[in-house]
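These notes concern the structure reproduced below.
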Amino acid sequence: MAGDSVRDRGATTIADRVVAKIAAQAAREALGTVPAGASAPHASVVVHRDVARVAVSLELPYPSDIGRQCGAVRGRVRTRVEDLVGMEVHEVSVHVEHLHSPHTRSTDPRGRLS
């Protein structure tokens, strides 16, 4: 039927976990590299209708420009989710869980100096 509008044909639903995977990958892209011994960024997402709120947790090298790197992550996550999923991203919060120094032992989970 040529008169059918797009809205009448159905809906596409994208699971929150799929959006979270896209956000985590975008965070990795923004950082470029993950410090040795660090975990890859991970994300959680809450989607309401076509609006996403994203929380990204990551680890950074020490020393680094934390503000610049977090800003780059926020921008990249927002752009990739909006482009690939078609959702508006109203919020991207970035939580820095740990700073990795080349002087810390990678085997000590508390990050104490050698």
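FYI, nothing fancy with the structure tokens labels: chains A, B, ... in order, residues from 1 per chain, ligands from 1 as they appear.
Residues within 10 Å of A:Ala27, counting only C-alpha atoms and excluding same-chain residues fewer than 3 positions away, are A:Lys21, A:Ile22, A:Ala23, A:Ala24, A:Ala30, A:Leu31, A:Gly32, A:Ala40, A:Pro41, A:His42, A:Ala43, A:Val56, A:Ser57, A:Leu58, A:Gln69, A:Cys70, A:Ala72, A:Val73, A:Arg74, A:Gly75, A:Arg76, A:Val77, A:Arg78, A:Arg80, A:Val94.
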### Task
Report as a list in words: the residues of stretch 47-103 of chain A with a DSSP assignment of helix (DSSP H, G or I), based on the backbone of this structure.
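Here are the helix (DSSP H, G or I) residues of stretch 47-103 of chain A: Ile66, Gly67, Arg68, Gln69, Cys70, Gly71, Ala72, Val73, Arg74, Gly75, Arg76, Val77, Arg78, Thr79, Arg80, Val81, Glu82, Asp83, Leu84 and Val85 of chain A.
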Self-check item: Near-A:Asp16 list (8 Å; only C-alpha atoms; drop same-chain fewer than 6 positions) as JSON, numbers by chain
Solution: {"A": [44, 45, 46, 47]}
- Name the residues in contact with A:Glu59 at a cut-off of 9 Å, using only C-alpha atoms, excluding same-chain residues fewer than 3 positions from it; report them as a VMD selection string. chain A and resid 34 to 35 38 to 41 95 to 100
If we count only C-alpha atoms and set the cut-off at 9 Å, which residues sit around A:His90, ignoring sequence neighbours fewer than 5 positions away in its own chain? Please answer as a ChimeraX atom specification.
/A:51-54,78
task: Compare A:Glu29, A:Ser101, A:Tyr62, A:Gly86 by their minimum atom-to-atom distance to A:Thr12, counting only C-alpha atoms, and give me the closest one.
output: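 Ranking A:Glu29, A:Ser101, A:Tyr62, A:Gly86 by distance to A:Thr12, first place goes to A:Gly86.
Taking atom CA of A:Thr79 and atom CA of A:Val18 as the two end points, the separation is 15.5 Å.
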Can you list every residue in chain A that DSSP puts in strand (DSSP E), as a ChimeraX atom specification? /A:42-48,51-61,88-100
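Take atom CA of A:Val19 and atom CA of A:Val89: the distance between them is 10.8 Å.
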Atom CA of A:Asp50 to atom CA of A:Glu88 measures 6.3 Å
Between A:Ser64, A:Thr33, A:Thr13, A:Gln25, smallest distance to A:Val81 by only C-alpha atoms belongs to A:Gln25
For this session: Go through A:Glu91, A:Pro102, A:Ala26, A:Arg9 and flag the residue nearest A:Leu60, using only C-alpha atoms for the distances.
Result: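 Counting only C-alpha atoms, the residue closest to A:Leu60 is A:Pro102.
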